[in-house]
Amino acid sequence: MTDVPHPINLFEYEQLARANLSKMAFDYYTSGAWDEITLRDNRVAFEQIKLRPRMLVDVSHINLSTSVLGKPLQLPLLIAPMAFQCLAHPEGELATAMAAALSGVGMVLSTMSTKSLEEVAEVGSKFPTSLQWFQLYIHKDKGLTRSLVERANAAGYQALCLTVDAPVLGQRERDRRNEFALPQNLQLANLSTTPGLEIYHEKGESGLFTYFSQQLNPAVTWEDLAWLQSLSPLPLVIKGILRGDDAVRAVESGAKAIVVSNHGGRQLDGAIASLNALAEIVTAVDGRVEVLLDGGIRRGTDIFKALAIGAKAVLIGRPILWGLAVGGQTGVSHVISLLRDELNVAMALSGCPQLQDIDATFLQLQH
């Protein structure tokens with residue numbers, strides 16, 4: 001860790017991370033699309049829900065353990081797929097994977113990682129119960145997409161997490177202003193053997209925006225999911241759903257889990273907050289698949305609220321990067337431990353010794 005005061009919450013980690021990152025890297029991690037309305041709304045949505053605690057319950061023992069797609073977790077948390085983690089720390093995704101495994105939480109590795117999927121899987125392989133999924137973007141080159149799926153399956157990933165909310169990249173104006181590009185010492189580790197697949201400097205534009213427009217396939221539809229599932233036996237998780245009818249379509253198309261997400265407010269600005277979409281989707285799938293929530297989690301009480309609405313677990317993104325930037329693997333582990341401790345206290349003070357005790361009766365929506 002650095003020589004600054006020990007951070008005691010995720011917001012303090014963000015402030016410390018700013019000093020450890022270049023402006024381009026910090027802006028890339030923290031920014032949302034256009035006016036960043038959805039980015040802000042992801043937090044506001046949690047703040048607008050209040051808790052109704054139950055008293056005189058024996059909470060001398062709190063159990064945070066659960067499972068997702070049959071894999072045990074020590075708390076209902078996965079690390080969201082995030083690109084370019086070596087911008088935050090030289091060990092990047094390897095440090096994150098080790099912290100996740102040691103902490104008993106899941107990790108979803110981005111297609112756009114700066115450590116290869118094989119290297120990250122090797123970290124997870126040291127822990128028999130570790131949960132690792134591979135996040136997939138479908139490229140125009142179907143052979144490349146097939147190769148990524150086959151490699152993920154061979155490396156031991158337990159699910160494919162298909163991101164469906166990025167047929168094109170949202171306009172992130174801070175990246176455009178900074179002319180975002182990867183430093184020369186970093187590369188797209190999963191794509192490094194394919195010529196031309198790099199994040200170049202682009203005059204007046206984000207290099208990532210250019211990459212998406214040139215390489216990713218905006219023509220993907222529900223019909224393509226059958227082809228994707230034919231490539232491996234890995235269960236399919238659909239990430240980026242914000243509507244009940246899309247959730248039902250995902251189930252009908254073979255998805256085994258759904259991640260309710262607006263891509264951290266980085267895609268369609270003005271889109272509904274993830275938390276505000278959750279109840280409709282939980283109702284629509286009616287227990288047929290597990291539902292997870294991504295976007296805006298900063299406190300243990302946020303996890304509690306998401307579970308009360310019906311999420312099986314949550315994904316957390318940016319705070320993991322702040323921990324990585326401040327203290328590498330140790331910083332990521334500490335961010336996770338802060339959330340674990342906060343969720344423990346929130347459950348005790350609400351009268352919920354088990355995750356299964358958490359339901360909508362503990363919530364009051366503000367009008």
# chains A, B, ... in the order shown; residues from 1 in each chain; ligands from 1
>>> closest_atom_pairs(of="stretch 11-110 of chain A", to="stretch 163-179 of chain A", cutoff="7 Å", atoms="only C-alpha atoms", output="JSON lines")
{"residue": "A:Met24", "atom": "CA", "partner": "A:Asn178", "partner_atom": "CA", "distance": 6.0}
{"residue": "A:Asp27", "atom": "CA", "partner": "A:Arg174", "partner_atom": "CA", "distance": 6.2}
{"residue": "A:Tyr28", "atom": "CA", "partner": "A:Asp175", "partner_atom": "CA", "distance": 5.9}
{"residue": "A:Ser31", "atom": "CA", "partner": "A:Arg174", "partner_atom": "CA", "distance": 6.7}
{"residue": "A:Gly32", "atom": "CA", "partner": "A:Arg172", "partner_atom": "CA", "distance": 5.9}
{"residue": "A:Ala33", "atom": "CA", "partner": "A:Arg172", "partner_atom": "CA", "distance": 4.3}
{"residue": "A:Trp34", "atom": "CA", "partner": "A:Arg172", "partner_atom": "CA", "distance": 5.8}
>>> write_last_selection(atoms="N, CA and C atoms", output="compact mmCIF listing (two decimals), in the first residue's frame")
# COMPACT_ATOMS: atom_id res chain seq x y z
N MET A 24 -5.20 9.97 -18.49
CA MET A 24 -5.86 9.15 -19.51
C MET A 24 -6.42 7.87 -18.91
N ASP A 27 -9.37 8.71 -16.36
CA ASP A 27 -10.58 9.10 -17.10
C ASP A 27 -11.19 7.90 -17.82
N TYR A 28 -10.35 7.03 -18.37
CA TYR A 28 -10.87 5.84 -19.05
C TYR A 28 -11.65 4.98 -18.06
N SER A 31 -14.97 7.26 -16.43
CA SER A 31 -15.94 8.03 -17.20
C SER A 31 -17.14 7.21 -17.63
N GLY A 32 -18.22 7.95 -17.93
CA GLY A 32 -19.41 7.37 -18.54
C GLY A 32 -19.62 7.99 -19.91
N ALA A 33 -20.71 7.61 -20.54
CA ALA A 33 -21.02 8.12 -21.87
C ALA A 33 -21.65 9.51 -21.78
N TRP A 34 -21.38 10.30 -22.79
CA TRP A 34 -21.98 11.63 -22.98
C TRP A 34 -22.02 12.45 -21.69
>>> select_by_dssp(residues="stretch 161-232 of chain A", states="strand (DSSP E or B)", output="list in words")
Cys161, Leu162, Thr163, Glu202, Glu205 and Leu216 of chain A
>>> closest_residue(among="A:Leu186, A:Met107, A:Ile316, A:Ala121", to="A:Leu87", atoms="only C-alpha atoms")
A:Leu186
>>> residues_around(residues="stretch 93-106 of chain A", least_positions_apart="5", cutoff="9 Å", atoms="only C-alpha atoms", output="JSON, numbers by chain")
{"A": [68, 72, 73, 74, 75, 76, 77, 78, 79, 80, 82, 83, 84, 85, 86, 113, 114, 115, 116, 119, 120, 121, 123, 124, 126, 127, 129, 130, 131, 132, 133, 315, 320, 321, 324, 328, 329, 330, 331, 332, 333, 334, 336, 337]}
>>> write_last_selection(atoms="C-alpha atoms", output="compact mmCIF listing (two decimals), in the first residue's frame")
# COMPACT_ATOMS: atom_id res chain seq x y z
CA VAL A 68 -23.60 -18.97 -8.60
CA PRO A 72 -19.50 -21.73 -4.13
CA LEU A 73 -18.72 -18.13 -3.20
CA GLN A 74 -17.73 -16.83 0.21
CA LEU A 75 -19.87 -13.78 -0.41
CA PRO A 76 -22.32 -12.88 -3.21
CA LEU A 77 -19.76 -10.96 -5.27
CA LEU A 78 -18.04 -11.28 -8.62
CA ILE A 79 -15.49 -8.95 -10.18
CA ALA A 80 -16.94 -7.49 -13.36
CA MET A 82 -12.88 -4.74 -17.11
CA ALA A 83 -10.40 -4.10 -19.88
CA PHE A 84 -6.79 -2.96 -19.62
CA GLN A 85 -6.13 -3.62 -15.93
CA CYS A 86 -2.38 -3.27 -16.45
CA SER A 113 -7.56 -7.95 -20.96
CA THR A 114 -3.88 -7.06 -20.80
CA LYS A 115 -2.98 -10.51 -19.42
CA SER A 116 -3.95 -13.55 -21.47
CA GLU A 119 -2.34 -16.75 -17.66
CA VAL A 120 -5.36 -15.71 -15.61
CA ALA A 121 -6.82 -19.22 -15.68
CA VAL A 123 -3.98 -18.35 -11.26
CA GLY A 124 -7.49 -19.70 -10.72
CA LYS A 126 -4.50 -23.15 -7.93
CA PHE A 127 -7.84 -22.84 -6.11
CA THR A 129 -13.34 -23.72 -5.84
CA SER A 130 -12.44 -20.55 -7.77
CA LEU A 131 -15.10 -19.13 -10.06
CA GLN A 132 -13.77 -17.72 -13.33
CA TRP A 133 -15.87 -16.72 -16.34
CA LEU A 315 -20.70 -7.62 -9.87
CA ILE A 320 -11.53 -3.09 -7.95
CA LEU A 321 -9.46 -0.92 -10.28
CA LEU A 324 -5.45 -2.34 -7.93
CA GLY A 328 -2.05 -4.18 -6.42
CA GLN A 329 -3.33 -7.55 -5.23
CA THR A 330 -3.37 -6.32 -1.62
CA GLY A 331 -5.51 -3.34 -2.59
CA VAL A 332 -8.03 -5.51 -4.46
CA SER A 333 -8.24 -7.89 -1.50
CA HIS A 334 -8.83 -4.97 0.85
CA ILE A 336 -13.33 -6.95 -1.22
CA SER A 337 -12.84 -7.23 2.54
>>> closest_atom_pairs(of="stretch 270-340 of chain A", to="stretch 11-23 of chain A", cutoff="7 Å", atoms="only C-alpha atoms", output="CSV")
residue,atom,partner,partner_atom,distance
A:Pro319,CA,A:Glu14,CA,6.8
A:Trp322,CA,A:Ala17,CA,5.1
A:Gly323,CA,A:Tyr13,CA,6.2
A:Ala325,CA,A:Ala17,CA,5.5
A:Val326,CA,A:Ala17,CA,5.4
>>> closest_residue(among="A:Val260, A:Met347, A:Ala88, A:Val149", to="A:Phe26", atoms="only C-alpha atoms")
A:Ala88
>>> residues_around(residues="A:Thr38", least_positions_apart="4", cutoff="12 Å", atoms="only C-alpha atoms", output="PDB file with N, CA and C atoms, in the first residue's frame")
ATOM      1  N   SER A  31     -14.968   7.257 -16.426  1.00  0.00           N
ATOM      2  CA  SER A  31     -15.937   8.033 -17.199  1.00  0.00           C
ATOM      3  C   SER A  31     -17.142   7.214 -17.627  1.00  0.00           C
ATOM      4  N   GLY A  32     -18.218   7.946 -17.934  1.00  0.00           N
ATOM      5  CA  GLY A  32     -19.407   7.365 -18.545  1.00  0.00           C
ATOM      6  C   GLY A  32     -19.625   7.989 -19.912  1.00  0.00           C
ATOM      7  N   ALA A  33     -20.707   7.610 -20.540  1.00  0.00           N
ATOM      8  CA  ALA A  33     -21.022   8.122 -21.870  1.00  0.00           C
ATOM      9  C   ALA A  33     -21.648   9.513 -21.781  1.00  0.00           C
ATOM     10  N   TRP A  34     -21.381  10.303 -22.790  1.00  0.00           N
ATOM     11  CA  TRP A  34     -21.982  11.626 -22.984  1.00  0.00           C
ATOM     12  C   TRP A  34     -22.023  12.447 -21.688  1.00  0.00           C
ATOM     13  N   ASN A  42     -26.826   5.323 -11.511  1.00  0.00           N
ATOM     14  CA  ASN A  42     -26.531   4.027 -10.910  1.00  0.00           C
ATOM     15  C   ASN A  42     -26.320   4.150  -9.400  1.00  0.00           C
ATOM     16  N   ARG A  43     -25.742   5.271  -8.965  1.00  0.00           N
ATOM     17  CA  ARG A  43     -25.583   5.503  -7.531  1.00  0.00           C
ATOM     18  C   ARG A  43     -26.872   6.031  -6.909  1.00  0.00           C
ATOM     19  N   VAL A  44     -27.518   6.963  -7.573  1.00  0.00           N
ATOM     20  CA  VAL A  44     -28.741   7.567  -7.029  1.00  0.00           C
ATOM     21  C   VAL A  44     -29.797   6.496  -6.763  1.00  0.00           C
ATOM     22  N   ALA A  45     -29.867   5.507  -7.633  1.00  0.00           N
ATOM     23  CA  ALA A  45     -30.881   4.463  -7.478  1.00  0.00           C
ATOM     24  C   ALA A  45     -30.736   3.751  -6.132  1.00  0.00           C
ATOM     25  N   GLY A 170     -20.279   3.170 -26.768  1.00  0.00           N
ATOM     26  CA  GLY A 170     -20.836   4.446 -26.351  1.00  0.00           C
ATOM     27  C   GLY A 170     -19.806   5.559 -26.474  1.00  0.00           C
ATOM     28  N   SER A 261     -27.402  -4.968 -16.342  1.00  0.00           N
ATOM     29  CA  SER A 261     -26.264  -4.042 -16.426  1.00  0.00           C
ATOM     30  C   SER A 261     -26.499  -3.009 -17.510  1.00  0.00           C
ATOM     31  N   ASN A 262     -26.029  -1.788 -17.266  1.00  0.00           N
ATOM     32  CA  ASN A 262     -25.973  -0.764 -18.312  1.00  0.00           C
ATOM     33  C   ASN A 262     -24.519  -0.421 -18.642  1.00  0.00           C
ATOM     34  N   HIS A 263     -23.627  -1.386 -18.408  1.00  0.00           N
ATOM     35  CA  HIS A 263     -22.202  -1.227 -18.759  1.00  0.00           C
ATOM     36  C   HIS A 263     -21.566  -0.093 -17.956  1.00  0.00           C
ATOM     37  N   GLY A 264     -21.992   0.038 -16.699  1.00  0.00           N
ATOM     38  CA  GLY A 264     -21.425   1.075 -15.846  1.00  0.00           C
ATOM     39  C   GLY A 264     -21.695   2.483 -16.335  1.00  0.00           C
ATOM     40  N   GLY A 265     -22.814   2.667 -17.042  1.00  0.00           N
ATOM     41  CA  GLY A 265     -23.141   3.993 -17.570  1.00  0.00           C
ATOM     42  C   GLY A 265     -22.254   4.416 -18.723  1.00  0.00           C
ATOM     43  N   ARG A 266     -21.613   3.452 -19.386  1.00  0.00           N
ATOM     44  CA  ARG A 266     -20.629   3.765 -20.410  1.00  0.00           C
ATOM     45  C   ARG A 266     -21.151   3.585 -21.835  1.00  0.00           C
ATOM     46  N   GLN A 267     -22.405   3.157 -21.987  1.00  0.00           N
ATOM     47  CA  GLN A 267     -22.928   2.899 -23.318  1.00  0.00           C
ATOM     48  C   GLN A 267     -24.005   3.923 -23.701  1.00  0.00           C
ATOM     49  N   LEU A 268     -25.270   3.613 -23.455  1.00  0.00           N
ATOM     50  CA  LEU A 268     -26.351   4.532 -23.814  1.00  0.00           C
ATOM     51  C   LEU A 268     -26.631   5.466 -22.640  1.00  0.00           C
ATOM     52  N   ASP A 269     -26.209   6.722 -22.748  1.00  0.00           N
ATOM     53  CA  ASP A 269     -26.475   7.648 -21.656  1.00  0.00           C
ATOM     54  C   ASP A 269     -27.963   7.977 -21.618  1.00  0.00           C
ATOM     55  N   GLY A 270     -28.511   7.993 -20.420  1.00  0.00           N
ATOM     56  CA  GLY A 270     -29.952   8.150 -20.250  1.00  0.00           C
ATOM     57  C   GLY A 270     -30.662   6.826 -20.077  1.00  0.00           C
ATOM     58  N   ALA A 271     -29.940   5.710 -20.245  1.00  0.00           N
ATOM     59  CA  ALA A 271     -30.536   4.399 -19.990  1.00  0.00           C
ATOM     60  C   ALA A 271     -30.858   4.262 -18.504  1.00  0.00           C
ATOM     61  N   ILE A 272     -31.814   3.416 -18.211  1.00  0.00           N
ATOM     62  CA  ILE A 272     -32.267   3.196 -16.852  1.00  0.00           C
ATOM     63  C   ILE A 272     -31.115   2.700 -15.974  1.00  0.00           C
ATOM     64  N   ALA A 273     -31.118   3.088 -14.712  1.00  0.00           N
ATOM     65  CA  ALA A 273     -30.148   2.556 -13.757  1.00  0.00           C
ATOM     66  C   ALA A 273     -30.336   1.040 -13.637  1.00  0.00           C
ATOM     67  N   SER A 274     -29.244   0.331 -13.503  1.00  0.00           N
ATOM     68  CA  SER A 274     -29.321  -1.134 -13.415  1.00  0.00           C
ATOM     69  C   SER A 274     -30.265  -1.569 -12.294  1.00  0.00           C
ATOM     70  N   LEU A 275     -30.133  -0.949 -11.124  1.00  0.00           N
ATOM     71  CA  LEU A 275     -30.958  -1.351  -9.989  1.00  0.00           C
ATOM     72  C   LEU A 275     -32.442  -1.166 -10.287  1.00  0.00           C
ATOM     73  N   ASN A 276     -32.777  -0.111 -11.044  1.00  0.00           N
ATOM     74  CA  ASN A 276     -34.175   0.154 -11.350  1.00  0.00           C
ATOM     75  C   ASN A 276     -34.750  -0.820 -12.378  1.00  0.00           C
ATOM     76  N   GLY A 295     -23.403  -2.571 -11.505  1.00  0.00           N
ATOM     77  CA  GLY A 295     -23.532  -1.127 -11.690  1.00  0.00           C
ATOM     78  C   GLY A 295     -23.860  -0.364 -10.427  1.00  0.00           C
ATOM     79  N   GLY A 296     -22.894   0.399  -9.929  1.00  0.00           N
ATOM     80  CA  GLY A 296     -23.151   1.330  -8.842  1.00  0.00           C
ATOM     81  C   GLY A 296     -22.891   0.810  -7.443  1.00  0.00           C
TER      82      GLY A 296
END
>>> select_by_dssp(residues="stretch 4-89 of chain A", states="alpha helix (DSSP H)", output="PyMOL selection string")
chain A and resi 10-20+23-30+37-47
>>> residues_around(residues="stretch 222-235 of chain A", least_positions_apart="4", cutoff="9 Å", atoms="only C-alpha atoms", output="ChimeraX atom specification")
/A:69,145-146,149-150,152-153,157-161,249-250,253-257
>>> write_last_selection(atoms="C-alpha atoms", output="mmCIF file, in the first residue's frame")
data_model
loop_
_atom_site.group_PDB
_atom_site.id
_atom_site.type_symbol
_atom_site.label_atom_id
_atom_site.label_comp_id
_atom_site.auth_asym_id
_atom_site.auth_seq_id
_atom_site.Cartn_x
_atom_site.Cartn_y
_atom_site.Cartn_z
ATOM 1 C CA LEU A 69 -24.158 -21.526 -11.354
ATOM 2 C CA THR A 145 -14.574 -15.467 -31.907
ATOM 3 C CA ARG A 146 -14.554 -19.256 -32.215
ATOM 4 C CA VAL A 149 -14.413 -19.524 -26.989
ATOM 5 C CA GLU A 150 -12.362 -22.658 -27.587
ATOM 6 C CA ALA A 152 -11.624 -20.230 -22.757
ATOM 7 C CA ASN A 153 -13.086 -23.721 -22.592
ATOM 8 C CA TYR A 157 -13.309 -21.113 -17.521
ATOM 9 C CA GLN A 158 -16.692 -22.173 -16.185
ATOM 10 C CA ALA A 159 -18.970 -19.923 -18.252
ATOM 11 C CA LEU A 160 -19.053 -17.564 -21.196
ATOM 12 C CA CYS A 161 -20.315 -14.095 -20.296
ATOM 13 C CA ARG A 249 -35.728 -13.941 -24.714
ATOM 14 C CA ALA A 250 -32.350 -14.649 -23.128
ATOM 15 C CA SER A 253 -32.220 -18.634 -26.128
ATOM 16 C CA GLY A 254 -30.438 -20.846 -23.622
ATOM 17 C CA ALA A 255 -28.874 -18.415 -21.159
ATOM 18 C CA LYS A 256 -28.197 -19.903 -17.726
ATOM 19 C CA ALA A 257 -27.802 -16.532 -15.983
#
>>> residues_around(residues="A:Asn344", least_positions_apart="2", cutoff="9 Å", atoms="only C-alpha atoms", output="list of chain:residue names")
A:Ile62, A:Asn63, A:Leu64, A:Gly300, A:Leu339, A:Arg340, A:Asp341, A:Glu342, A:Ala346, A:Met347, A:Ala348, A:Leu349, A:Pro353
>>> residues_around(residues="A:Leu278", least_positions_apart="5", cutoff="8 Å", atoms="only C-alpha atoms", output="list in words")
Leu242, Val260, Leu293, Ala306, Ile309, Gly310 and Ala311 of chain A
>>> write_last_selection(atoms="N, CA and C atoms", output="PDB file, in the first residue's frame")
ATOM      1  N   LEU A 242     -31.640  -4.977 -19.710  1.00  0.00           N
ATOM      2  CA  LEU A 242     -32.317  -3.943 -18.915  1.00  0.00           C
ATOM      3  C   LEU A 242     -33.840  -4.006 -19.029  1.00  0.00           C
ATOM      4  N   VAL A 260     -27.955  -8.048 -15.077  1.00  0.00           N
ATOM      5  CA  VAL A 260     -28.641  -6.777 -15.304  1.00  0.00           C
ATOM      6  C   VAL A 260     -27.581  -5.684 -15.242  1.00  0.00           C
ATOM      7  N   LEU A 293     -26.621  -8.537 -10.662  1.00  0.00           N
ATOM      8  CA  LEU A 293     -26.712  -7.094 -10.892  1.00  0.00           C
ATOM      9  C   LEU A 293     -25.324  -6.480 -10.970  1.00  0.00           C
ATOM     10  N   ALA A 306     -29.672  -5.025  -3.471  1.00  0.00           N
ATOM     11  CA  ALA A 306     -29.785  -5.795  -4.709  1.00  0.00           C
ATOM     12  C   ALA A 306     -30.305  -7.203  -4.433  1.00  0.00           C
ATOM     13  N   ILE A 309     -34.054  -7.277  -3.720  1.00  0.00           N
ATOM     14  CA  ILE A 309     -34.906  -7.173  -4.911  1.00  0.00           C
ATOM     15  C   ILE A 309     -34.926  -8.490  -5.678  1.00  0.00           C
ATOM     16  N   GLY A 310     -33.907  -9.315  -5.505  1.00  0.00           N
ATOM     17  CA  GLY A 310     -33.943 -10.626  -6.140  1.00  0.00           C
ATOM     18  C   GLY A 310     -32.677 -11.069  -6.834  1.00  0.00           C
ATOM     19  N   ALA A 311     -31.610 -10.267  -6.775  1.00  0.00           N
ATOM     20  CA  ALA A 311     -30.345 -10.689  -7.369  1.00  0.00           C
ATOM     21  C   ALA A 311     -29.742 -11.830  -6.556  1.00  0.00           C
TER      22      ALA A 311
END
>>> closest_residue(among="A:Cys352, A:Ala25, A:Leu144, A:Leu182", to="A:Met55", atoms="only C-alpha atoms")
A:Cys352
>>> closest_residue(among="A:Val57, A:Leu355, A:Leu191, A:Ile37", to="A:Ser147", atoms="only C-alpha atoms")
A:Leu191
>>> atom_distance(atom1="atom CA of A:Ile238", atom2="atom CA of A:Ser65")
23.4 Å
